[in-house]
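Novice: My structure file model_19.csv, CSV, C-alpha atoms, is below:
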chain,number,residue,atom,x,y,z
A,1,MET,CA,101.6,65.9,128.8
A,2,PRO,CA,99.0,68.6,127.9
A,3,LYS,CA,100.2,72.2,128.0
A,4,PRO,CA,98.8,74.4,130.8
A,5,PRO,CA,95.9,76.7,129.7
A,6,PHE,CA,98.0,79.8,130.4
A,7,LEU,CA,100.8,78.6,128.1
A,8,LEU,CA,98.2,77.8,125.4
A,9,PHE,CA,96.9,81.4,125.7
A,10,LEU,CA,100.4,82.8,125.4
A,11,MET,CA,101.0,80.7,122.2
A,12,PHE,CA,97.7,81.9,120.8
A,13,VAL,CA,98.5,85.6,121.5
A,14,SER,CA,102.0,85.1,120.0
A,15,CYS,CA,100.5,83.6,116.9
A,16,LEU,CA,98.1,86.5,116.5
A,17,PHE,CA,100.9,89.0,117.0
A,18,SER,CA,103.1,87.3,114.4
A,19,SER,CA,100.2,87.3,111.9
A,20,PHE,CA,99.6,91.0,112.6
A,21,ILE,CA,103.2,91.9,112.0
A,22,ALA,CA,103.4,89.9,108.8
A,23,SER,CA,100.2,91.5,107.4
A,24,LYS,CA,101.4,95.0,108.4
A,25,ALA,CA,104.8,94.4,106.7
A,26,THR,CA,102.9,93.3,103.6
A,27,ILE,CA,100.7,96.4,103.7
A,28,ASN,CA,103.7,98.7,104.2
A,29,ALA,CA,105.6,97.1,101.3
A,30,ALA,CA,102.6,97.8,99.1
A,31,THR,CA,102.1,101.4,100.3
A,32,THR,CA,105.7,102.7,100.5
A,33,LEU,CA,108.1,103.6,97.7
A,34,SER,CA,111.4,101.8,97.5
A,35,GLN,CA,113.0,105.3,97.4
A,36,GLN,CA,112.6,107.8,100.2
A,37,PHE,CA,113.0,111.6,99.6
A,38,LYS,CA,114.2,114.4,101.7
A,39,GLU,CA,112.0,117.5,102.4
A,40,ALA,CA,112.9,120.4,100.1
A,41,PRO,CA,113.3,123.9,101.3
A,42,GLU,CA,110.3,126.2,101.1
A,43,PHE,CA,110.5,129.0,98.6
A,44,TYR,CA,108.6,132.3,98.8
A,45,ASN,CA,107.4,134.9,96.4
A,46,SER,CA,109.3,138.1,95.7
A,47,PRO,CA,107.4,141.2,96.8
A,48,ASP,CA,106.2,142.1,93.3
A,49,CYS,CA,104.5,138.8,92.6
A,50,PRO,CA,100.8,139.0,91.9
A,51,SER,CA,98.4,137.2,94.2
A,52,ILE,CA,96.6,134.1,92.8
A,53,THR,CA,94.5,133.5,95.9
A,54,ASN,CA,90.8,134.0,95.7
A,55,TYR,CA,91.0,134.7,92.0
A,56,LEU,CA,88.2,132.8,90.3
A,57,GLU,CA,85.9,134.1,87.5
A,58,GLU,CA,82.2,133.2,87.9
A,59,ASP,CA,82.1,131.4,84.6
A,60,ASP,CA,85.0,129.2,85.6
A,61,ALA,CA,83.5,128.5,88.9
A,62,GLU,CA,80.3,127.2,87.2
A,63,GLU,CA,82.4,125.1,84.8
A,64,ASP,CA,84.3,123.6,87.7
A,65,GLN,CA,81.1,122.8,89.6
A,66,GLU,CA,79.6,121.1,86.5
A,67,ASP,CA,82.8,119.0,85.8
A,68,ASP,CA,82.1,115.4,86.6
A,69,GLU,CA,85.7,115.0,87.7
A,70,SER,CA,85.5,118.0,90.2
A,71,SER,CA,85.7,115.6,93.1
A,72,ARG,CA,89.4,115.1,92.3
A,73,HIS,CA,90.3,118.6,93.1
A,74,ASN,CA,91.5,119.6,96.5
A,75,ILE,CA,89.1,122.3,97.8
A,76,ASN,CA,92.0,124.2,99.3
A,77,HIS,CA,93.5,124.8,95.8
A,78,LYS,CA,90.2,125.4,94.0
A,79,ASN,CA,90.8,129.1,93.5
A,80,ASN,CA,94.4,128.6,92.6
A,81,VAL,CA,93.8,126.0,89.9
A,82,CYS,CA,91.6,128.3,88.0
A,83,SER,CA,93.8,131.3,88.2
A,84,ASP,CA,95.1,132.8,85.0
A,85,ARG,CA,97.7,134.5,87.1
A,86,ALA,CA,99.2,131.2,88.1
A,87,VAL,CA,101.9,129.4,86.1
A,88,HIS,CA,100.4,126.0,85.3
A,89,VAL,CA,102.9,123.1,84.9
A,90,ALA,CA,101.9,119.6,83.8
A,91,MET,CA,104.1,116.5,84.3
A,92,THR,CA,103.6,112.8,84.4
A,93,LEU,CA,104.3,110.9,87.6
A,94,ASP,CA,105.2,107.3,88.2
A,95,THR,CA,107.4,105.3,90.5
A,96,GLN,CA,110.0,104.6,87.9
A,97,TYR,CA,110.8,108.2,87.1
A,98,ILE,CA,109.7,109.9,90.4
A,99,ARG,CA,113.3,110.6,91.4
A,100,GLY,CA,113.7,112.7,88.2
A,101,SER,CA,110.3,114.3,88.8
A,102,MET,CA,111.3,115.4,92.3
A,103,ALA,CA,114.5,117.0,91.0
A,104,ALA,CA,112.6,118.8,88.3
A,105,ILE,CA,110.0,120.2,90.7
A,106,LEU,CA,112.8,121.4,93.0
A,107,SER,CA,114.6,123.1,90.1
A,108,VAL,CA,111.4,124.9,89.0
A,109,LEU,CA,110.7,126.2,92.4
A,110,GLN,CA,114.3,127.2,93.2
A,111,HIS,CA,114.7,129.4,90.1
A,112,SER,CA,111.2,130.9,90.1
A,113,SER,CA,110.7,134.5,91.2
A,114,CYS,CA,107.1,133.6,92.2
A,115,PRO,CA,107.3,130.0,93.3
A,116,GLU,CA,104.0,130.2,95.3
A,117,ASN,CA,102.2,131.1,92.1
A,118,ILE,CA,103.1,127.8,90.4
A,119,PHE,CA,100.4,125.1,90.3
A,120,PHE,CA,101.5,121.6,89.3
A,121,HIS,CA,99.2,119.2,87.5
A,122,PHE,CA,100.6,115.6,87.8
A,123,VAL,CA,99.2,112.8,85.6
A,124,ALA,CA,99.5,109.3,86.9
A,125,SER,CA,98.4,106.0,85.5
A,126,ALA,CA,95.0,104.8,86.8
A,127,SER,CA,96.7,101.6,88.0
A,128,ALA,CA,99.2,103.6,90.1
A,129,ASN,CA,98.9,104.2,93.8
A,130,ALA,CA,97.8,107.8,93.5
A,131,SER,CA,97.6,108.2,97.3
A,132,LEU,CA,101.2,107.1,97.7
A,133,LEU,CA,102.4,109.4,95.0
A,134,ARG,CA,100.5,112.3,96.5
A,135,ALA,CA,101.9,111.6,100.0
A,136,THR,CA,105.4,111.4,98.6
A,137,LEU,CA,105.1,114.8,97.0
A,138,ALA,CA,103.5,116.3,100.1
A,139,HIS,CA,106.3,115.0,102.3
A,140,SER,CA,109.1,116.6,100.2
A,141,PHE,CA,107.1,119.7,99.2
A,142,PRO,CA,104.6,120.4,102.0
A,143,TYR,CA,103.6,123.8,100.6
A,144,LEU,CA,103.3,122.7,96.9
A,145,LYS,CA,100.2,123.5,95.1
A,146,PHE,CA,99.3,120.5,93.0
A,147,GLN,CA,96.7,118.0,91.9
A,148,VAL,CA,97.1,114.4,90.8
A,149,TYR,CA,95.0,113.2,87.9
A,150,ARG,CA,94.3,109.6,87.1
A,151,PHE,CA,95.0,108.6,83.5
A,152,ASP,CA,93.0,105.7,82.2
A,153,ASP,CA,95.6,104.2,79.8
A,154,SER,CA,93.4,101.3,78.6
A,155,HIS,CA,92.2,103.3,75.6
A,156,VAL,CA,95.6,104.5,74.4
A,157,SER,CA,97.2,101.1,75.1
A,158,GLY,CA,95.4,99.7,72.1
A,159,LEU,CA,96.8,102.5,69.9
A,160,ILE,CA,100.5,102.2,70.8
A,161,SER,CA,102.9,100.5,68.4
A,162,THR,CA,106.2,99.1,69.5
A,163,SER,CA,109.1,101.5,69.1
A,164,ILE,CA,112.9,101.3,69.1
A,165,ARG,CA,113.0,101.5,72.9
A,166,SER,CA,110.6,99.8,75.2
A,167,ALA,CA,110.5,102.7,77.6
A,168,LEU,CA,108.9,104.8,74.9
A,169,ASP,CA,106.0,102.4,74.7
A,170,CYS,CA,104.7,103.2,78.2
A,171,PRO,CA,101.1,104.5,77.9
A,172,LEU,CA,101.9,107.3,80.3
A,173,ASN,CA,104.3,108.7,77.7
A,174,TYR,CA,101.1,109.5,75.7
A,175,ALA,CA,99.4,111.3,78.5
A,176,ARG,CA,100.6,114.6,77.1
A,177,SER,CA,98.2,114.1,74.3
A,178,TYR,CA,95.3,114.1,76.7
A,179,LEU,CA,96.0,117.0,79.0
A,180,ALA,CA,93.1,119.0,77.5
A,181,ASN,CA,90.8,116.2,78.6
A,182,LEU,CA,92.3,115.7,82.0
A,183,LEU,CA,92.8,119.2,83.4
A,184,PRO,CA,89.9,121.4,84.4
A,185,LEU,CA,88.4,123.5,81.6
A,186,CYS,CA,89.4,126.7,83.5
A,187,VAL,CA,93.1,125.9,82.9
A,188,ARG,CA,93.7,127.5,79.6
A,189,LYS,CA,97.5,127.4,79.2
A,190,VAL,CA,100.0,124.9,80.6
A,191,VAL,CA,103.7,124.3,80.4
A,192,TYR,CA,104.4,120.6,79.9
A,193,LEU,CA,107.7,119.2,81.2
A,194,ASP,CA,109.3,115.8,81.1
A,195,SER,CA,110.6,114.2,84.3
A,196,ASP,CA,114.3,114.0,83.1
A,197,LEU,CA,115.1,117.7,83.2
A,198,ILE,CA,116.0,120.6,85.4
A,199,LEU,CA,115.4,124.3,85.0
A,200,VAL,CA,118.1,126.9,85.8
A,201,ASP,CA,115.9,129.9,84.9
A,202,ASP,CA,112.5,131.3,85.8
A,203,ILE,CA,109.7,129.1,84.3
A,204,ALA,CA,107.4,132.2,84.2
A,205,LYS,CA,109.6,133.4,81.2
A,206,LEU,CA,108.8,130.2,79.3
A,207,ALA,CA,105.1,130.3,80.3
A,208,ALA,CA,104.9,133.8,78.9
A,209,THR,CA,105.8,132.6,75.4
A,210,PRO,CA,103.5,134.2,72.9
A,211,LEU,CA,101.5,131.8,70.8
A,212,GLY,CA,100.4,134.3,68.2
A,213,GLU,CA,96.9,134.3,66.7
A,214,SER,CA,96.5,130.6,65.9
A,215,SER,CA,99.4,128.4,67.2
A,216,VAL,CA,98.3,125.7,69.6
A,217,LEU,CA,101.7,125.0,71.1
A,218,ALA,CA,105.2,126.5,71.3
A,219,ALA,CA,108.5,124.6,71.5
A,220,PRO,CA,112.1,125.0,70.4
A,221,GLU,CA,112.5,123.9,66.8
A,222,TYR,CA,115.5,122.3,65.3
A,223,CYS,CA,115.4,122.8,61.5
A,224,ASN,CA,118.9,121.5,61.0
A,225,ALA,CA,117.9,118.0,62.0
A,226,ASN,CA,117.1,115.6,59.1
A,227,PHE,CA,113.3,115.6,59.4
A,228,THR,CA,112.8,112.7,57.0
A,229,LEU,CA,114.6,110.3,59.4
A,230,TYR,CA,111.7,110.6,61.9
A,231,PHE,CA,109.5,108.6,59.6
A,232,THR,CA,109.8,105.4,57.6
A,233,PRO,CA,110.0,105.2,53.7
A,234,THR,CA,106.4,104.0,53.9
A,235,LEU,CA,105.2,107.6,54.6
A,236,TRP,CA,107.5,109.4,52.2
A,237,SER,CA,106.7,106.9,49.3
A,238,ASN,CA,102.9,107.3,49.7
A,239,PRO,CA,101.7,110.2,47.6
A,240,SER,CA,98.8,111.2,49.8
A,241,LEU,CA,100.7,110.8,53.1
A,242,SER,CA,103.8,112.6,51.9
A,243,LEU,CA,101.6,115.6,51.2
A,244,THR,CA,100.9,115.9,55.0
A,245,PHE,CA,103.7,118.5,55.3
A,246,ALA,CA,102.8,120.4,52.1
A,247,ASN,CA,102.9,124.1,52.6
A,248,ARG,CA,104.5,123.6,56.0
A,249,LYS,CA,108.1,124.3,56.9
A,250,ALA,CA,108.2,121.2,59.1
A,251,CYS,CA,111.0,121.0,61.6
A,252,TYR,CA,111.8,118.6,64.4
A,253,PHE,CA,110.8,119.7,67.9
A,254,ASN,CA,111.1,117.8,71.2
A,255,THR,CA,107.8,117.2,73.0
A,256,GLY,CA,109.4,117.1,76.5
A,257,VAL,CA,109.1,120.9,76.8
A,258,MET,CA,106.0,122.6,75.4
A,259,VAL,CA,103.8,125.5,76.1
A,260,ILE,CA,100.2,124.5,75.2
A,261,ASP,CA,97.1,126.6,74.7
A,262,LEU,CA,94.5,124.1,76.0
A,263,ASP,CA,91.5,126.2,74.8
A,264,ARG,CA,92.8,126.0,71.2
A,265,TRP,CA,93.7,122.3,71.6
A,266,ARG,CA,90.1,121.5,72.8
A,267,GLY,CA,88.6,123.6,70.0
A,268,GLY,CA,90.6,122.0,67.3
A,269,GLU,CA,90.1,118.4,68.7
A,270,TYR,CA,93.8,117.7,68.5
A,271,THR,CA,93.7,114.6,70.7
A,272,ARG,CA,91.5,113.0,68.0
A,273,ARG,CA,93.9,114.1,65.3
A,274,ILE,CA,96.8,112.5,67.1
A,275,GLU,CA,94.8,109.3,67.7
A,276,GLU,CA,94.0,109.1,64.0
A,277,TRP,CA,97.7,109.0,63.1
A,278,MET,CA,98.2,106.4,65.8
A,279,GLU,CA,95.5,104.2,64.3
A,280,LEU,CA,97.0,104.5,60.8
A,281,GLN,CA,100.4,103.6,62.3
A,282,LYS,CA,98.9,100.3,63.5
A,283,ARG,CA,98.1,99.5,59.8
A,284,MET,CA,101.1,101.1,58.1
A,285,ARG,CA,104.5,101.4,59.8
A,286,LEU,CA,105.0,105.1,59.5
A,287,TYR,CA,107.5,105.8,62.3
A,288,GLU,CA,109.6,104.2,65.0
A,289,LEU,CA,109.8,106.7,67.8
A,290,GLY,CA,106.8,106.3,70.2
A,291,SER,CA,104.8,109.4,71.0
A,292,LEU,CA,106.9,112.0,69.2
A,293,PRO,CA,106.0,111.4,65.5
A,294,PRO,CA,102.2,111.9,65.9
A,295,PHE,CA,103.0,115.3,67.4
A,296,LEU,CA,105.2,116.1,64.4
A,297,LEU,CA,102.6,114.9,61.9
A,298,VAL,CA,100.0,117.2,63.5
A,299,PHE,CA,102.0,120.2,64.5
A,300,ALA,CA,105.4,120.4,62.8
A,301,GLY,CA,105.6,123.7,60.9
A,302,ASN,CA,102.7,125.2,62.7
A,303,ILE,CA,104.2,125.9,66.2
A,304,ALA,CA,105.3,129.1,67.8
A,305,PRO,CA,109.1,129.4,68.3
A,306,VAL,CA,110.9,129.1,71.6
A,307,ASN,CA,114.6,130.0,72.1
A,308,HIS,CA,116.8,126.9,72.1
A,309,ARG,CA,118.0,127.7,75.6
A,310,TRP,CA,114.7,126.3,76.9
A,311,ASN,CA,115.5,122.8,75.8
A,312,GLN,CA,119.1,121.7,75.8
A,313,HIS,CA,118.0,118.2,75.0
A,314,GLY,CA,119.7,115.0,74.2
A,315,LEU,CA,121.9,114.9,77.3
A,316,GLY,CA,120.9,111.3,77.8
A,317,GLY,CA,122.5,110.3,74.6
A,318,ASP,CA,120.8,108.3,71.9
A,319,ASN,CA,118.0,105.7,72.3
A,320,PHE,CA,120.5,102.7,72.2
A,321,ARG,CA,123.6,103.4,74.2
A,322,GLY,CA,122.9,106.6,76.1
A,323,LEU,CA,126.5,108.0,75.7
A,324,CYS,CA,127.6,111.3,77.1
A,325,ARG,CA,126.9,114.4,75.2
A,326,ASP,CA,127.9,118.1,75.4
A,327,LEU,CA,125.6,121.1,75.6
A,328,HIS,CA,124.5,122.8,72.4
A,329,PRO,CA,126.2,126.1,71.8
A,330,GLY,CA,124.5,129.1,73.4
A,331,PRO,CA,122.9,130.1,76.7
A,332,VAL,CA,121.1,127.5,78.9
A,333,SER,CA,117.8,127.8,80.8
A,334,LEU,CA,116.8,124.1,80.8
A,335,LEU,CA,118.8,120.9,80.7
A,336,HIS,CA,117.0,117.8,79.4
A,337,TRP,CA,118.4,114.3,79.7
A,338,SER,CA,116.3,112.9,76.8
A,339,GLY,CA,117.6,109.7,75.4
A,340,LYS,CA,118.5,106.4,77.1
A,341,GLY,CA,120.9,107.6,79.8
A,342,LYS,CA,119.4,109.2,82.9
A,343,PRO,CA,121.6,111.1,85.3
A,344,TRP,CA,120.3,109.3,88.5
A,345,ALA,CA,121.0,105.9,87.0
A,346,ARG,CA,124.5,106.9,85.8
A,347,LEU,CA,125.3,108.5,89.2
A,348,ASP,CA,124.2,105.3,91.0
A,349,ALA,CA,126.3,103.2,88.7
A,350,ASN,CA,129.3,105.4,89.4
A,351,ARG,CA,129.6,106.1,85.6
A,352,PRO,CA,128.3,109.7,85.4
A,353,CYS,CA,128.7,111.9,82.4
A,354,PRO,CA,130.2,115.4,83.1
A,355,LEU,CA,126.9,117.2,82.8
A,356,ASP,CA,125.2,114.8,85.3
A,357,ALA,CA,127.0,116.8,88.0
A,358,LEU,CA,124.6,119.7,87.2
A,359,TRP,CA,121.6,117.5,88.0
A,360,ALA,CA,123.0,116.1,91.2
A,361,PRO,CA,122.4,119.2,93.5
A,362,TYR,CA,118.6,118.8,92.8
A,363,ASP,CA,118.5,115.1,93.8
A,364,LEU,CA,116.3,114.7,96.8
A,365,LEU,CA,116.9,111.0,97.3
A,366,GLN,CA,117.3,110.1,101.0
A,367,THR,CA,120.3,107.8,101.2
A,368,PRO,CA,121.6,106.0,104.3
A,369,PHE,CA,124.6,108.4,104.3
A,370,SER,CA,122.7,111.6,103.7
A,371,LEU,CA,122.4,114.0,106.7
A,372,ASP,CA,119.3,116.1,107.3
A,373,SER,CA,120.1,119.8,107.3
I'd like the structure from this file rewritten - as C-alpha cells, please.
Specialist:
Amino acid sequence: MPKPPFLLFLMFVSCLFSSFIASKATINAATTLSQQFKEAPEFYNSPDCPSITNYLEEDDAEEDQEDDESSRHNINHKNNVCSDRAVHVAMTLDTQYIRGSMAAILSVLQHSSCPENIFFHFVASASANASLLRATLAHSFPYLKFQVYRFDDSHVSGLISTSIRSALDCPLNYARSYLANLLPLCVRKVVYLDSDLILVDDIAKLAATPLGESSVLAAPEYCNANFTLYFTPTLWSNPSLSLTFANRKACYFNTGVMVIDLDRWRGGEYTRRIEEWMELQKRMRLYELGSLPPFLLVFAGNIAPVNHRWNQHGLGGDNFRGLCRDLHPGPVSLLHWSGKGKPWARLDANRPCPLDALWAPYDLLQTPFSLDS
C-alpha cells in the first residue's frame, strides 16, 4: 500500500534533519579541541607600569605597513605589537602541547607586575587550525594581547634529521630558529619560552637581561655538563669541524628559555647559519638531539649569561624514561619540565612526580568534576 503524501513529506524532512545533524557533528568534531579550558582570572597592571598603548614610532609604522604579512596582525593590537615598552613573549602552539601552553601563559600573567604590558607571539604550524587555536586562547584569556603566526614547516621538514626521541623531530620545534622572519620587524627583542614550563617570578626581569655589545641571545649556561656528549665522534674527529668551537668557551645551554635580540639575529643571518649546520647534518651525522645542537654550534660560548634560577630544567627526566628529578640547588624563578615526562601526562596517569604538584595549580583544563568559580 503506498504511503500517504503527508507521511512521505515527514520522512523526507526527517532524512534532511538527520543529515544536517550528522554534518554538524562532523564540523564540530573538526573545529573543537578534545580538551576544553576554563577562563583564567584577569590580571591588571600595578600603578607604576608604563603605558604601551598608542606608542608607535613612525619608522616602525611604515615598516609594518610595507610588511607583506601585515594582514595577519589584529588592528586592535597594532600599536602594542610595536611597543618597545611591552614585554614580548614568543611560544609555539599546537593541540598536543596546548595544555602546557595555557598553564605557562597563566603563570606568566599571574606573576607579572605589569601583565597588561605583555604581548604574546604564538607560532603555529601552517597545517593547524589557527582559528581554533586563536579562539581557545581568547576564551581562556579574553584580555590577552596576542597574535598567531602561521609557520610553513615544509622548508624545514626537509632539513630535519631523526633524533633520539620522535617528539623532537616535530617541525614546530624548529620554529624558534625562524622567529626573526615570522615576527614583525618592529619587534626587536623577544623572550622565547617552551610550553612545558611555568614562571614563579616576574618575566620583565628576564626580559631586561642585558645582551652586551654583541650577543644575539641570552640563556642560562651549564658549563659543568659534558659538552662533547651533545655531538657525535664524527664532529670531534673531523679536524675542520672540531675547530668550530676554537677560541670559544662553549657550554651547554637549554633553548627552551632564551632572550633574543631579533635585530642582531636578522643582521647576522643566523637562521641561515643554523640551516647550514642542519644541511651538513643530513650528510654527516653530527648530533642526535633535534633542534638543540645547531643552536650550540652557532651560539655556544657567545651568549650573554642568565642566572640559573630562570631555567630549572630537566624536570621531565631524560629523553628515554622521563623519571622524576629534583630541583637544582639555588633559588627558582622558572620550572621547566624538559625531557620525556610532562606534568599533565603524569598527573592524568596518577603517577605524578613530587614537583608536578607545583605545575598543577596553573592547569586550566576543564574536567567533568571541576567547578567554575
Novice: Select, from A:Pro115, A:Leu183, A:Ser125, A:Ser46, the residue with the minimum atom-to-atom distance to A:His155, counting only C-alpha atoms.
Specialist: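 The closest residue to A:His155 is A:Ser125.
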Novice: I'd like to know which of A:Phe122, A:Phe227, A:Tyr192, A:Tyr178 is closest to A:Glu275, using all atoms listed in the file.
Specialist: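 The shortest atom-to-atom distance to A:Glu275 comes from A:Tyr178.
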Novice: Smallest atom-to-atom distance to A:Glu116: which of A:Asn129, A:Asn45, A:Thr53, A:Ser154, using all atoms listed in the file?
Specialist: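 Once distances to A:Glu116 are computed over all atoms listed in the file, the minimum belongs to A:Asn45.
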Novice: Using all atoms listed in the file, which of A:Ala349, A:Ala103, A:Leu172, A:Ala208 sits nearest A:Leu335?
Specialist: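 Of all the options, A:Ala103 lies closest to A:Leu335.
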Novice: Compare A:Arg85, A:His308, A:His336, A:Lys38 by their minimum atom-to-atom distance to A:Tyr222, counting all atoms listed in the file, and give me the closest one.
Specialist: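 Counting all atoms listed in the file, the residue closest to A:Tyr222 is A:His308.
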Novice: Determine the nearest neighbour of A:Met91 from the options A:Ser195, A:Ser34, A:Gln281, A:Asn173, counting all atoms listed in the file.
Specialist: A:Ser195
Novice: For A:Val259, please output as a list of chain:residue names all residues within 6 Å (counting all atoms listed in the file; exclusion window: fewer than 6 positions along the same chain).
Specialist: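 What passes the distance filter is A:Val190, A:Val191, A:Leu217, A:Ala218.
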Novice: If you count all atoms listed in the file, which residues fall within 7 Å of stretch 312-329 of chain A, apart from same-chain ones fewer than 3 positions away, as an mmCIF file with C-alpha atoms, in the frame of the given file?
Specialist:
data_model
loop_
_atom_site.group_PDB
_atom_site.id
_atom_site.type_symbol
_atom_site.label_atom_id
_atom_site.label_comp_id
_atom_site.auth_asym_id
_atom_site.auth_seq_id
_atom_site.Cartn_x
_atom_site.Cartn_y
_atom_site.Cartn_z
ATOM 1 C CA ARG A 165 113.000 101.500 72.900
ATOM 2 C CA HIS A 308 116.800 126.900 72.100
ATOM 3 C CA ARG A 309 118.000 127.700 75.600
ATOM 4 C CA VAL A 332 121.100 127.500 78.900
ATOM 5 C CA LEU A 334 116.800 124.100 80.800
ATOM 6 C CA LEU A 335 118.800 120.900 80.700
ATOM 7 C CA HIS A 336 117.000 117.800 79.400
ATOM 8 C CA TRP A 337 118.400 114.300 79.700
ATOM 9 C CA SER A 338 116.300 112.900 76.800
ATOM 10 C CA GLY A 339 117.600 109.700 75.400
ATOM 11 C CA LYS A 340 118.500 106.400 77.100
ATOM 12 C CA GLY A 341 120.900 107.600 79.800
ATOM 13 C CA LYS A 342 119.400 109.200 82.900
ATOM 14 C CA CYS A 353 128.700 111.900 82.400
#
Novice: List the spatial neighbours of A:Tyr230 as a PyMOL selection string - criterion: any atom at most 12 Å away, only C-alpha atoms, same-chain residues fewer than 5 positions off excluded.
Specialist: chain A and resi 163-164+225+235-236+250-254+285-297+300
Novice: As number ranges by chain, please: the residues near A:Ala207 (cut-off 12 Å, all atoms listed in the file, same-chain neighbours under 5 positions excluded).
Specialist: A: 84-90, 112, 118, 188-193, 201-202, 217-219, 257-261, 306, 310
Novice: Output as a Markdown table one row per residue of stretch 75-167 of chain A within 9 Å of stretch 41-44 of chain A: the closest atom pair and its distance in Å to one decimal place, counting all atoms listed in the file, sorted by chain and residue number ascending.
Specialist:
| residue | atom | partner | partner_atom | distance |
| --- | --- | --- | --- | --- |
| A:Leu106 | CA | A:Pro41 | CA | 8.7 |
| A:Leu109 | CA | A:Phe43 | CA | 6.8 |
| A:Gln110 | CA | A:Phe43 | CA | 6.8 |
| A:Ser112 | CA | A:Phe43 | CA | 8.7 |
| A:Ser113 | CA | A:Tyr44 | CA | 8.2 |
| A:Cys114 | CA | A:Tyr44 | CA | 6.9 |
| A:Pro115 | CA | A:Tyr44 | CA | 6.1 |
| A:Glu116 | CA | A:Tyr44 | CA | 6.1 |
| A:Ser140 | CA | A:Pro41 | CA | 8.5 |
| A:Phe141 | CA | A:Glu42 | CA | 7.5 |
| A:Pro142 | CA | A:Glu42 | CA | 8.2 |
| A:Tyr143 | CA | A:Glu42 | CA | 7.1 |
| A:Leu144 | CA | A:Glu42 | CA | 8.9 |
Novice: How many Å separate atom CA of A:Thr136 from atom CA of A:Gln366?
Specialist: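 A separation of 12.2 Å between them.
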Novice: Might I get the box with edges along x, y and z of the file that holds all atoms of stretch 207-222 of chain A listed there, padded by 6 Å on every side, given as centre and edge lengths in Å to one decimal, as AutoDock Vina command-line options?
Specialist:
--center_x 106.0 --center_y 128.3 --center_z 72.8 --size_x 31.0 --size_y 24.0 --size_z 27.0
Novice: In Å to one decimal, how far is atom CA of A:Leu358 from atom CA of A:His111?
Specialist: 14.2 Å
Novice: Given the block above, output stretch 187-231 of chain A with C-alpha atoms as a short mmCIF file (atom, residue, chain, number, x, y, z; two decimals), in the first residue's frame.
Specialist:
data_model
loop_
_atom_site.label_atom_id
_atom_site.label_comp_id
_atom_site.auth_asym_id
_atom_site.auth_seq_id
_atom_site.Cartn_x
_atom_site.Cartn_y
_atom_site.Cartn_z
CA VAL A 187 59.68 43.64 17.38
CA ARG A 188 63.33 43.96 18.30
CA LYS A 189 63.63 41.74 21.38
CA VAL A 190 61.68 38.69 22.49
CA VAL A 191 61.66 36.15 25.29
CA TYR A 192 61.23 32.65 23.88
CA LEU A 193 59.56 30.08 26.16
CA ASP A 194 58.83 26.39 25.72
CA SER A 195 55.32 25.12 26.53
CA ASP A 196 56.34 22.75 29.34
CA LEU A 197 57.26 25.33 31.96
CA ILE A 198 55.84 27.76 34.49
CA LEU A 199 57.18 31.01 35.86
CA VAL A 200 57.04 31.94 39.53
CA ASP A 201 58.68 35.33 39.07
CA ASP A 202 58.17 38.48 37.02
CA ILE A 203 59.06 37.86 33.37
CA ALA A 204 60.04 41.53 33.00
CA LYS A 205 63.18 40.73 35.00
CA LEU A 206 64.16 38.06 32.47
CA ALA A 207 63.29 40.30 29.52
CA ALA A 208 65.56 43.01 30.93
CA THR A 209 68.63 40.76 30.68
CA PRO A 210 71.48 42.83 29.18
CA LEU A 211 72.86 41.36 25.98
CA GLY A 212 76.03 43.44 25.95
CA GLU A 213 77.52 44.95 22.83
CA SER A 214 77.29 41.97 20.51
CA SER A 215 75.44 38.96 21.96
CA VAL A 216 72.44 37.80 19.96
CA LEU A 217 70.83 35.82 22.73
CA ALA A 218 70.97 35.21 26.47
CA ALA A 219 70.29 31.99 28.36
CA PRO A 220 71.48 30.16 31.47
CA GLU A 221 74.70 28.27 30.72
CA TYR A 222 75.70 24.95 32.29
CA CYS A 223 79.45 24.63 31.94
CA ASN A 224 79.63 21.59 34.23
CA ALA A 225 77.80 19.50 31.63
CA ASN A 226 79.96 17.35 29.36
CA PHE A 227 79.69 19.41 26.20
CA THR A 228 81.28 16.75 24.00
CA LEU A 229 78.33 14.40 24.59
CA TYR A 230 75.98 16.66 22.63
CA PHE A 231 77.77 15.70 19.40
#
